[in-house]
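Peer 1: Just passing along the structure, written as structure tokens.
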Amino acid sequence: MSVNPYSNLLKDIDLGNGNTAKFYDISALGAEYTRLPFSVRVLLESAVRNCDNFQILEDDVAKILNWKSNQAIEGGVEVPFRPSRVILQDFTGVPAVVDFAAMRDAVQALGGKAEDINPQCPADLVIDHSVQVDVSREADSKAKNEELEFERNKERFQFLKWGAKAFKNMLIVPPGSGIVHQVNLEYLARVCFTDSEIVYPDSVVGTDSHTTMINGLGVVGWGVGGIEAEAVMLGQPISMTLPKVVGYRITGELDPKVTSTDVVLTITKHLRQVGVVGKFVEFFGPGVEKLSLADRATIANMCPEYGATIGYFPVDEKTLDYLKQTNRAADKIEAIKRYLSAVHMIRNFSDETENPDFSEIHSLDLSEVVPSLSGPKRPHDRVSVSSMKEDFSKCLVSPVGFKGFAIPNDKLAATIPFMYDGQEYTLKHGSVLISAITSCTNTSNPSVMLGAGLLAQNAVKLGLSVKPYIKTSLSPGSGVVTYYLRESGVIPSLEALGFGVVGYGCMTCIGNSGPLPPPVVEAVEKGDLVCCGVLSGNRNFEGRIHPNTRANYLASPPLCIAYAIAGTVDIDFEVDPLGHVNGQDVFLRDIWPTRAQIQEVESKYVIPSMFQEVYSKISSGNSNWNKLEAPESLLYPWDKTSTYIKQPPFFQGMTVELTAKKPIKDAHALLHLGDSVTTDHISPAGSIPRNSPAARYLASRGLNPRDFNSFGSRRGNDAVMARGTFGNIRLVNKFIGKAAPKTLHIPSGVTLDVFDAAQEYASSGQDLIILAGKDYGCGSSRDWAAKGPYLLGIRAVIAESYERIHRSNLAGMGIIPLQYEDGQTADTLGLTGQESFSIAMPEDSADLKPRMRIEVTASSGKSFFTVLRFDTEPELTYYRDGYTIYT
């Protein structure tokens with residue numbers, strides 16, 4: 001074992017209460033250290049502690065220490081980073097555990113020891129993505145939804161329970177416990193690892209984009225692809241480009257009517273406009289002290305929506321206070337404070353002398369923030385509440401796009417009557433069909449949750465109600481939320497308006513909104529109406545929330561209730577009443593609680609004993625989980641009849657020797673796509689459409705449509721996921737000219753489902769590529785958005801730009817990500833997409849270099865150069881080596 005060359009920095013530290021340990025005193029590295037952004041200091045500490053001059057070199061430490069000069073180098077400087085732990089949710093965690101199980105099979109088949117395949121660093125998996133809002137507005141909604149969750153997901157849950165027993169260093173948090181990022185914030189996060197011989201900062205990567213929420217607690221962490229996460233779990237460092245760090249200065253104070261949701265939507269739009277993709281954002285300035293820890297976590301949570309890698313708040317006294325509030329042990333809090341003080345990682349945001357160097361600086365005055373929503377199709381399209389009515393009207397008539405639906409003038413006033421529970425109602429453009437208080441973004445924040453509860457209380461007192469056909473729901477991020485809502489007395493009012501607890505999970509935000517009443521669906525489809533969902537989530541991409549809500553808006557929990565009461569987004573709250581009671585107009589201002597009222601209730605009811613009560617039981621599960629029987633074997637006993645868990649093809653036929661790469665010659669484009677194609681478009685997570693290839697496969701296995709479940713729940717079955725790839729009904733393929741999960745089979749000229757077209761190409765041995773526009777793969781960190789195309793035979797993607805995590809996933813699957821050179825697009829090059837394409841990859845893969853120029857030749861005779869977006873040497877290694885076992 002090699003000796004760490006920085007062992008001279010290893011010093012003793014008194015952690016208090018008679019506890020001592022050692023730590024690497026990275027502050028002794030020189031004056032450059034005190035100028036480093038706080039987030040970069042965490043990268044540096046990891047490099048120093050793990051330096052072995054093999055995976056992590058002394059030169060890597062020097063690169064990070066000299067961040068200021070290296071971050072400015074064109075093309076970037078590559079450095080390794082070894083996170084302290086990995087976090088997964090079940091949608092992305094199931095395929096990871098499936099891969100680990102398959103690796104054990106492959107290693108044993110090649111003569112290795114299967115038991116050696118385990119996570120090498122702590123891995124926590126929270127089951128939170130499986131529960132759907134099948135039932136709402138009933139007294140036993142939560143129990144019914146959880147019962148259906150276990151019925152649908154029994155095989156998946158048994159498999160995960162097997163994994164919890166079979167693999168060392170892996171914690172499985174049972175379903176019904178809460179949302180992964182809130183559980184991480186309130187319970188799993190360490191801030192520092194203080195129990196080992198060496199003390200060091202907590203850091204994490206997760207198979208979910210919103211892993212960044214933990215940045216609000218001073219923990220460096222971000223979302224990665226499933227392939228990258230598995231590498232980290234196997235003890236490999238992440239290879240990354242040394243990031244630019246954008247300083248975001250916050251000043252001022254919030255208006256009493258403004259919520260943390262309004263702040264984050266404002267920041268999201270601002271940083272999207274500034275351009276922070278691939279960068280770290282680090283918050284500083286005196287205004288940070290005006291934000292609660294939950295406010296900071298809310299801002300950090302939306303990091304993927306503003307495009308940065310992290311949105312980091314360094315640890316300060318408010319961080320330590322939150323650890324006390326959430327019932328972390330006093331001796332651990334003291335140890336954290338002493339260690340971080342020793343390495344200069346605790347901030348005083350009011351002390352300007354502590355401000356480090358940044359690549360660039362932007363700012364926000366909190367007093368300028370106004371009540372806001374975002375939509376109707378993207379989380380960074382902020383619109384002020386005061387402008388909502390006007391903005392929605394413009395969206396209706398604007399051309400089809402992110403802010404347009406192109407409704408003809410003669411259809412704008414369409415109204416469709418329908419009967420529901422024996423009474424007639426009317427739908428029109430802007431009618432609210434779904435209103436959900438959901439997702440990690442806001443349910444972690446007591447101020448907005450209690451604000452919603454107090455608003456509901458005021459509304460009920462005045463006699464306001466919500467129309468019964470509107471699907472309302474409350475899915476808390478942890479049991480603590482229900483605890484303080486109940487203790488503060490607001491639950492009855494929330495339930496009276498339809499916002500009863502329906503389960504603990506992402507639910508509506510992930511697309512698990514469940515069905516709408518058939519009369520509502522019929523009315524929407526009859527009138528071709530642009531009806532709406534309003535949710536306190538972080539994602540509102542097309543087709544994600546529900547197929548029948550074409551416009552979806554992100555909003556604070558109080559606004560979710562307000563729009564549910566109004567029944568429409570086509571309203572100006574300043575001049576239009578929410579409703580009429582006894583002949584009197586009732587306005588939003590009449591029921592909106594003050595910040596002082598919210599803070600008074602929060603200080604009284606959000607207390608450490610609640611966190612102790614909830615999290616002391618978290619690993620014990622519930623009766624449904626506890627009675628599940630799981631195998632006890634070292635290797636997983638694959639059930640060939642299962643439609644949920646299937647041995648994946650990726651590790652079958654693995655060899656000790658490398659296999660030669662085949663050239664890409666005369667490849668057809670399976671799809672010709674535009675800008676902002678999301679991972680939801682590529683690999684949907686929601687319900688499986690009954691007329692889809694995946695549905696036909698499941699029907700052939702004897703399943704009824706009611707048992708199809710969602711794509712997200714079937715990520716352990718490659719046969720389903722391959723058939724669901726590019727299966728989003730909102731996918732716009734230029735070959736088709738309208739939204740549909742179909743494409744043109746170019747040789748025959750026949751329009752087919754995407755999977756069926758891929759099968760036709762495969763039968764003739766045809767290579768396939770994808771043509772795409774800007775931000776290809778934006779959205780969730782979904783590894784099946786790379787695995788699925790791989791199984792369809794996609795060899796390469798040519799895009800104008802990529803979302804960071806998706807590009808990494810493509811690289812991990814050996815799919816070649818190519819990028820048009822600046823100023824070039826398929827249109828400027830005159831490509832129709834119906835040509836065939838040959839890609840001139842070097843014959844000797846040893847000649848490959850990150851970001852080298854690669855020539856592409858079309859059958860039309862047009863040749864053009866692209867940039868090879870394998871950005872690091874490890875990514876090139878994935879491509880060169882494929883799935884190979886080294887002995």
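In the structure tokens, chains take letters A, B, ... by order of appearance, with residues numbered from 1 within each chain and ligands from 1 in the order shown.
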Per DSSP on the backbone, what are the alpha helix (DSSP H) residues of segment 354-578 of chain A, as a PyMOL selection string?
Peer 2: chain A and resi 388-397+440-443+446-461+479-487+491-496+518-527+557-566
Peer 1: Dump C-alpha atoms for the selected residues as a JSON list (two decimals), in the first residue's frame?
Peer 2:
```
[["chain", "number", "residue", "atom", "x", "y", "z"],
["A", 388, "MET", "CA", -49.71, 35.50, -14.44],
["A", 389, "LYS", "CA", -53.07, 36.22, -16.08],
["A", 390, "GLU", "CA", -51.48, 38.23, -18.88],
["A", 391, "ASP", "CA", -48.64, 35.75, -19.35],
["A", 392, "PHE", "CA", -50.97, 32.76, -19.62],
["A", 393, "SER", "CA", -53.12, 34.57, -22.19],
["A", 394, "LYS", "CA", -50.00, 35.23, -24.27],
["A", 395, "CYS", "CA", -48.91, 31.61, -23.99],
["A", 396, "LEU", "CA", -52.23, 30.39, -25.37],
["A", 397, "VAL", "CA", -51.80, 32.25, -28.67],
["A", 440, "CYS", "CA", -38.24, 17.74, -1.75],
["A", 441, "THR", "CA", -37.91, 21.35, -2.89],
["A", 442, "ASN", "CA", -40.55, 22.81, -0.63],
["A", 443, "THR", "CA", -41.74, 20.11, 1.76],
["A", 446, "PRO", "CA", -41.35, 24.58, 7.49],
["A", 447, "SER", "CA", -41.99, 28.24, 6.62],
["A", 448, "VAL", "CA", -43.80, 27.48, 3.35],
["A", 449, "MET", "CA", -45.49, 24.33, 4.66],
["A", 450, "LEU", "CA", -46.84, 26.09, 7.74],
["A", 451, "GLY", "CA", -47.65, 29.07, 5.53],
["A", 452, "ALA", "CA", -49.82, 26.78, 3.43],
["A", 453, "GLY", "CA", -51.45, 25.37, 6.55],
["A", 454, "LEU", "CA", -52.24, 28.82, 7.97],
["A", 455, "LEU", "CA", -53.58, 29.98, 4.60],
["A", 456, "ALA", "CA", -55.82, 26.90, 4.50],
["A", 457, "GLN", "CA", -57.01, 27.66, 8.02],
["A", 458, "ASN", "CA", -57.91, 31.22, 7.04],
["A", 459, "ALA", "CA", -59.63, 30.06, 3.85],
["A", 460, "VAL", "CA", -61.77, 27.50, 5.64],
["A", 461, "LYS", "CA", -62.80, 30.04, 8.29],
["A", 479, "GLY", "CA", -42.83, 12.29, 8.85],
["A", 480, "VAL", "CA", -41.57, 15.41, 10.63],
["A", 481, "VAL", "CA", -43.70, 17.57, 8.32],
["A", 482, "THR", "CA", -46.88, 15.72, 9.24],
["A", 483, "TYR", "CA", -45.84, 15.93, 12.88],
["A", 484, "TYR", "CA", -45.55, 19.73, 13.01],
["A", 485, "LEU", "CA", -48.58, 20.30, 10.76],
["A", 486, "ARG", "CA", -50.63, 18.14, 13.10],
["A", 487, "GLU", "CA", -49.28, 19.69, 16.30],
["A", 491, "ILE", "CA", -54.20, 19.50, 9.27],
["A", 492, "PRO", "CA", -58.04, 19.66, 9.52],
["A", 493, "SER", "CA", -58.13, 22.80, 7.36],
["A", 494, "LEU", "CA", -55.75, 21.31, 4.80],
["A", 495, "GLU", "CA", -57.93, 18.20, 4.64],
["A", 496, "ALA", "CA", -61.08, 20.30, 4.29],
["A", 518, "PRO", "CA", -62.64, 10.06, -16.73],
["A", 519, "PRO", "CA", -65.24, 12.87, -17.20],
["A", 520, "VAL", "CA", -62.45, 15.43, -16.71],
["A", 521, "VAL", "CA", -60.19, 13.70, -19.22],
["A", 522, "GLU", "CA", -63.03, 13.47, -21.75],
["A", 523, "ALA", "CA", -63.79, 17.18, -21.39],
["A", 524, "VAL", "CA", -60.14, 18.16, -21.83],
["A", 525, "GLU", "CA", -59.75, 16.02, -24.92],
["A", 526, "LYS", "CA", -63.09, 17.10, -26.40],
["A", 527, "GLY", "CA", -62.17, 20.78, -26.19],
["A", 557, "PRO", "CA", -47.29, 25.55, -1.22],
["A", 558, "PRO", "CA", -49.53, 28.51, -0.26],
["A", 559, "LEU", "CA", -49.94, 29.43, -3.93],
["A", 560, "CYS", "CA", -50.78, 25.81, -4.79],
["A", 561, "ILE", "CA", -53.75, 26.10, -2.45],
["A", 562, "ALA", "CA", -54.68, 29.55, -3.74],
["A", 563, "TYR", "CA", -54.83, 28.40, -7.36],
["A", 564, "ALA", "CA", -56.77, 25.30, -6.34],
["A", 565, "ILE", "CA", -59.38, 27.49, -4.65],
["A", 566, "ALA", "CA", -59.49, 29.79, -7.67]]
```
Peer 1: Near segment 237-248 of chain A, counting only C-alpha atoms, which residues have an atom at most 9 Å away, once you skip same-chain residues fewer than 3 positions from it, shown as a PyMOL selection string?
Peer 2: chain A and resi 37+39-40+55-56+63-64+67-68+70-72+75-83+228-229+231-232+276+278-285+309+356-364+871-875
Peer 1: Tell me, which residues of segment 353-512 of chain A carry DSSP strand (DSSP E), written as a PyMOL selection string?
Peer 2: chain A and resi 360-365+372-374+382-384+415-420+423-428+432-437+471-474
Peer 1: Those same residues - N, CA, C and O atoms - I'd like them written as a compact mmCIF listing (two decimals), in the first residue's frame.
Peer 2:
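Heads up, here's the output in out_27.txt:
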```txt
# COMPACT_ATOMS: atom_id res chain seq x y z
N GLU A 360 -16.30 34.69 -11.20
CA GLU A 360 -17.13 35.84 -11.54
C GLU A 360 -18.13 36.01 -10.41
O GLU A 360 -18.33 35.10 -9.60
N ILE A 361 -18.75 37.17 -10.33
CA ILE A 361 -19.68 37.47 -9.25
C ILE A 361 -20.98 38.03 -9.81
O ILE A 361 -20.97 38.89 -10.70
N HIS A 362 -22.10 37.54 -9.28
CA HIS A 362 -23.41 38.09 -9.59
C HIS A 362 -24.13 38.30 -8.26
O HIS A 362 -23.70 37.80 -7.21
N SER A 363 -25.23 39.04 -8.29
CA SER A 363 -25.84 39.39 -7.01
C SER A 363 -27.35 39.47 -7.10
O SER A 363 -27.94 39.58 -8.18
N LEU A 364 -27.96 39.41 -5.92
CA LEU A 364 -29.41 39.52 -5.78
C LEU A 364 -29.71 40.29 -4.51
O LEU A 364 -29.17 39.98 -3.44
N ASP A 365 -30.58 41.29 -4.63
CA ASP A 365 -31.12 42.00 -3.47
C ASP A 365 -32.45 41.36 -3.13
O ASP A 365 -33.40 41.41 -3.92
N SER A 372 -43.88 34.59 -7.15
CA SER A 372 -43.60 34.10 -8.49
C SER A 372 -44.08 32.66 -8.67
O SER A 372 -44.30 31.92 -7.71
N LEU A 373 -44.22 32.30 -9.95
CA LEU A 373 -44.37 30.92 -10.37
C LEU A 373 -43.37 30.70 -11.49
O LEU A 373 -42.71 31.63 -11.94
N SER A 374 -43.27 29.45 -11.96
CA SER A 374 -42.48 29.17 -13.16
C SER A 374 -43.27 28.23 -14.05
O SER A 374 -43.87 27.26 -13.58
N ARG A 382 -39.62 31.92 -15.15
CA ARG A 382 -40.32 32.55 -14.03
C ARG A 382 -41.31 33.59 -14.54
O ARG A 382 -41.06 34.30 -15.51
N VAL A 383 -42.44 33.66 -13.87
CA VAL A 383 -43.43 34.71 -14.14
C VAL A 383 -43.96 35.20 -12.80
O VAL A 383 -44.24 34.40 -11.91
N SER A 384 -44.04 36.50 -12.61
CA SER A 384 -44.54 37.03 -11.35
C SER A 384 -46.03 36.74 -11.24
O SER A 384 -46.75 36.67 -12.24
N THR A 415 -65.44 26.42 -23.89
CA THR A 415 -65.84 25.92 -22.57
C THR A 415 -66.52 24.57 -22.77
O THR A 415 -67.34 24.40 -23.67
N ILE A 416 -66.15 23.62 -21.94
CA ILE A 416 -66.68 22.26 -22.06
C ILE A 416 -67.34 21.87 -20.75
O ILE A 416 -66.68 21.72 -19.72
N PRO A 417 -68.66 21.67 -20.77
CA PRO A 417 -69.34 21.22 -19.55
C PRO A 417 -69.16 19.72 -19.36
O PRO A 417 -68.98 18.97 -20.32
N PHE A 418 -69.20 19.27 -18.11
CA PHE A 418 -69.12 17.84 -17.81
C PHE A 418 -69.79 17.58 -16.47
O PHE A 418 -69.95 18.49 -15.65
N MET A 419 -70.18 16.36 -16.28
CA MET A 419 -70.82 15.97 -15.03
C MET A 419 -69.81 15.24 -14.14
O MET A 419 -69.04 14.40 -14.61
N TYR A 420 -69.81 15.59 -12.85
CA TYR A 420 -68.94 14.92 -11.89
C TYR A 420 -69.69 14.80 -10.58
O TYR A 420 -70.14 15.81 -10.01
N GLN A 423 -73.07 16.54 -10.46
CA GLN A 423 -73.17 17.99 -10.62
C GLN A 423 -72.41 18.42 -11.86
O GLN A 423 -71.41 17.82 -12.24
N GLU A 424 -72.91 19.48 -12.52
CA GLU A 424 -72.26 19.95 -13.74
C GLU A 424 -71.20 21.00 -13.42
O GLU A 424 -71.42 21.91 -12.60
N TYR A 425 -70.05 20.85 -14.07
CA TYR A 425 -68.96 21.82 -13.98
C TYR A 425 -68.52 22.17 -15.39
O TYR A 425 -68.93 21.53 -16.37
N THR A 426 -67.66 23.17 -15.50
CA THR A 426 -67.19 23.61 -16.81
C THR A 426 -65.67 23.77 -16.79
O THR A 426 -65.11 24.31 -15.84
N LEU A 427 -65.04 23.26 -17.82
CA LEU A 427 -63.60 23.45 -18.00
C LEU A 427 -63.35 24.42 -19.14
O LEU A 427 -64.12 24.49 -20.11
N LYS A 428 -62.25 25.15 -19.04
CA LYS A 428 -61.81 26.06 -20.09
C LYS A 428 -60.29 26.10 -20.06
O LYS A 428 -59.65 25.47 -19.20
N VAL A 432 -57.54 24.57 -13.53
CA VAL A 432 -56.61 23.76 -12.73
C VAL A 432 -57.22 22.37 -12.54
O VAL A 432 -58.35 22.24 -12.06
N LEU A 433 -56.46 21.35 -12.93
CA LEU A 433 -56.90 19.96 -12.75
C LEU A 433 -56.13 19.27 -11.63
O LEU A 433 -56.64 18.35 -11.01
N ILE A 434 -54.88 19.70 -11.41
CA ILE A 434 -54.03 19.09 -10.38
C ILE A 434 -53.41 20.21 -9.56
O ILE A 434 -52.87 21.18 -10.12
N SER A 435 -53.48 20.10 -8.26
CA SER A 435 -52.76 21.00 -7.37
C SER A 435 -52.11 20.15 -6.28
O SER A 435 -52.81 19.50 -5.50
N ALA A 436 -50.79 20.14 -6.26
CA ALA A 436 -50.08 19.20 -5.39
C ALA A 436 -49.00 19.91 -4.59
O ALA A 436 -48.13 20.59 -5.15
N ILE A 437 -49.08 19.77 -3.28
CA ILE A 437 -47.96 20.17 -2.41
C ILE A 437 -47.08 18.94 -2.30
O ILE A 437 -47.44 17.95 -1.65
N LYS A 471 -57.74 17.48 -8.56
CA LYS A 471 -56.96 16.48 -7.83
C LYS A 471 -55.95 17.20 -6.93
O LYS A 471 -54.90 17.66 -7.38
N THR A 472 -56.27 17.30 -5.68
CA THR A 472 -55.41 17.95 -4.70
C THR A 472 -54.72 16.89 -3.86
O THR A 472 -55.26 15.81 -3.63
N SER A 473 -53.51 17.21 -3.39
CA SER A 473 -52.77 16.23 -2.59
C SER A 473 -51.67 16.91 -1.81
O SER A 473 -51.18 17.98 -2.17
N LEU A 474 -51.29 16.26 -0.73
CA LEU A 474 -50.16 16.68 0.09
C LEU A 474 -49.28 15.45 0.32
O LEU A 474 -49.72 14.47 0.93
```
Peer 1: Using only C-alpha atoms, tabulate the residues of segment 789-833 of chain A lying at most 10 Å from any atom of segment 719-741 of chain A, each with its closest atom pair and that distance in Å to one decimal, by chain and increasing residue number, as JSON lines.
Peer 2:
```
{"residue": "A:Pro789", "atom": "CA", "partner": "A:Thr725", "partner_atom": "CA", "distance": 6.8}
{"residue": "A:Tyr790", "atom": "CA", "partner": "A:Ala722", "partner_atom": "CA", "distance": 8.7}
{"residue": "A:Leu791", "atom": "CA", "partner": "A:Ala722", "partner_atom": "CA", "distance": 6.1}
{"residue": "A:Leu792", "atom": "CA", "partner": "A:Ala722", "partner_atom": "CA", "distance": 6.6}
{"residue": "A:Thr832", "atom": "CA", "partner": "A:Phe735", "partner_atom": "CA", "distance": 8.8}
{"residue": "A:Gly833", "atom": "CA", "partner": "A:Phe735", "partner_atom": "CA", "distance": 8.0}
```
Peer 1: Include N, CA and C atoms and write out the residues we just selected as a JSON list (two decimals), in the first residue's frame.
Peer 2:
```
[["chain", "number", "residue", "atom", "x", "y", "z"],
["A", 789, "PRO", "N", -30.98, 4.03, -25.14],
["A", 789, "PRO", "CA", -30.42, 4.21, -26.48],
["A", 789, "PRO", "C", -29.35, 3.18, -26.83],
["A", 790, "TYR", "N", -28.53, 2.80, -25.84],
["A", 790, "TYR", "CA", -27.51, 1.77, -26.08],
["A", 790, "TYR", "C", -28.18, 0.48, -26.55],
["A", 791, "LEU", "N", -29.26, 0.08, -25.88],
["A", 791, "LEU", "CA", -29.96, -1.15, -26.25],
["A", 791, "LEU", "C", -30.69, -1.03, -27.59],
["A", 792, "LEU", "N", -31.03, 0.20, -27.98],
["A", 792, "LEU", "CA", -31.66, 0.40, -29.30],
["A", 792, "LEU", "C", -30.64, 0.38, -30.43],
["A", 832, "THR", "N", -30.78, 17.06, -43.51],
["A", 832, "THR", "CA", -32.20, 16.70, -43.32],
["A", 832, "THR", "C", -32.36, 15.63, -42.27],
["A", 833, "GLY", "N", -31.29, 14.92, -41.97],
["A", 833, "GLY", "CA", -31.35, 13.79, -41.05],
["A", 833, "GLY", "C", -31.63, 12.48, -41.75]]
```
Peer 1: With only C-alpha atoms as the atoms that count, which of A:Trp162, A:Tyr33, A:Trp638, A:Tyr339 lies nearest to Asn19 of chain A?
Peer 2: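 For Asn19 of chain A, the nearest of the candidates is A:Tyr339.
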Peer 1: Report, in Å with one decimal, the straight-line distance from atom CA of Ser350 of chain A to atom CA of Val220 of chain A.
Peer 2: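 Separating atom CA of Ser350 of chain A from atom CA of Val220 of chain A is a distance of 21.8 Å.
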Peer 1: I want to know what sits within 8 Å of Val856 of chain A, based on only C-alpha atoms, with residues of the same chain fewer than 6 positions away left out; could you give that as a ChimeraX atom specification?
Peer 2: /A:837-840,863-866
Peer 1: One decimal, Å: what's the distance from atom CA of Tyr644 of chain A over to atom CA of Arg804 of chain A, could you say?
Peer 2: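 About the pair atom CA of Tyr644 of chain A and atom CA of Arg804 of chain A: they are 29.1 Å apart.
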Peer 1: Using only C-alpha atoms, find each residue of segment 253-338 of chain A with at least one atom at most 10 Å away from an atom of segment 186-191 of chain A; report its shortest atom-to-atom pair and that distance in Å (one decimal), sort the rows by chain and rising residue number, and return the result as a Markdown table.
Peer 2:
```
| residue | atom | partner | partner_atom | distance |
| --- | --- | --- | --- | --- |
| A:Val315 | CA | A:Val191 | CA | 8.6 |
| A:Thr319 | CA | A:Val191 | CA | 9.4 |
| A:Leu320 | CA | A:Val191 | CA | 9.6 |
| A:Tyr322 | CA | A:Glu186 | CA | 8.9 |
| A:Leu323 | CA | A:Glu186 | CA | 8.2 |
| A:Gln325 | CA | A:Glu186 | CA | 9.3 |
| A:Thr326 | CA | A:Glu186 | CA | 6.0 |
| A:Asn327 | CA | A:Tyr187 | CA | 8.7 |
| A:Arg328 | CA | A:Tyr187 | CA | 8.0 |
| A:Lys332 | CA | A:Arg190 | CA | 9.0 |
| A:Ile333 | CA | A:Val191 | CA | 9.1 |
| A:Ile336 | CA | A:Val191 | CA | 7.3 |
| A:Lys337 | CA | A:Val191 | CA | 10.0 |
```
Peer 1: To one decimal place in Å, what is the distance between atom CA of Ser687 of chain A and atom CA of Ser513 of chain A?
Peer 2: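 Spanning atom CA of Ser687 of chain A to atom CA of Ser513 of chain A is a straight-line distance of 9.4 Å.
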Peer 1: Please determine, counting only C-alpha atoms, which residue among A:Ala694, A:Ala660, A:Leu462, A:Leu671 has the shortest atom-to-atom distance to Gly579 of chain A.
Peer 2: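 Of the candidates, the smallest distance to Gly579 of chain A is held by A:Leu462.
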Peer 1: Hey, which of A:Arg338, A:Arg272, A:Arg696, A:Arg550 ends up closest to Phe405 of chain A? Count only C-alpha atoms.
Peer 2: A:Arg550
Peer 1: With only C-alpha atoms as the counted atoms, please give the residues lying no more than 8 Å from Lys113 of chain A, apart from itself and same-chain residues fewer than 5 positions off, as a PDB file with C-alpha atoms, in the first residue's frame.
Peer 2:
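This went into result-v1.pdb:
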```
ATOM      1  CA  ARG A 104     -21.349 -10.613  -8.916  1.00  0.00           C
ATOM      2  CA  VAL A 107     -17.087 -12.023 -11.558  1.00  0.00           C
ATOM      3  CA  GLN A 108     -17.936 -15.504 -10.325  1.00  0.00           C
TER       4      GLN A 108
END
```
Peer 1: Near Thr751 of chain A, within 9 Å and counting only C-alpha atoms, which residues show up once chain neighbours fewer than 4 positions away are dropped, as JSON, numbers by chain?
Peer 2: {"A": [735, 736, 742, 743, 744, 745, 746, 757]}
Peer 1: Could you list, as a count of residues only, every residue within 9 Å of segment 822-830 of chain A, counting only C-alpha atoms and ignoring same-chain residues fewer than 6 positions away?
Peer 2: 8
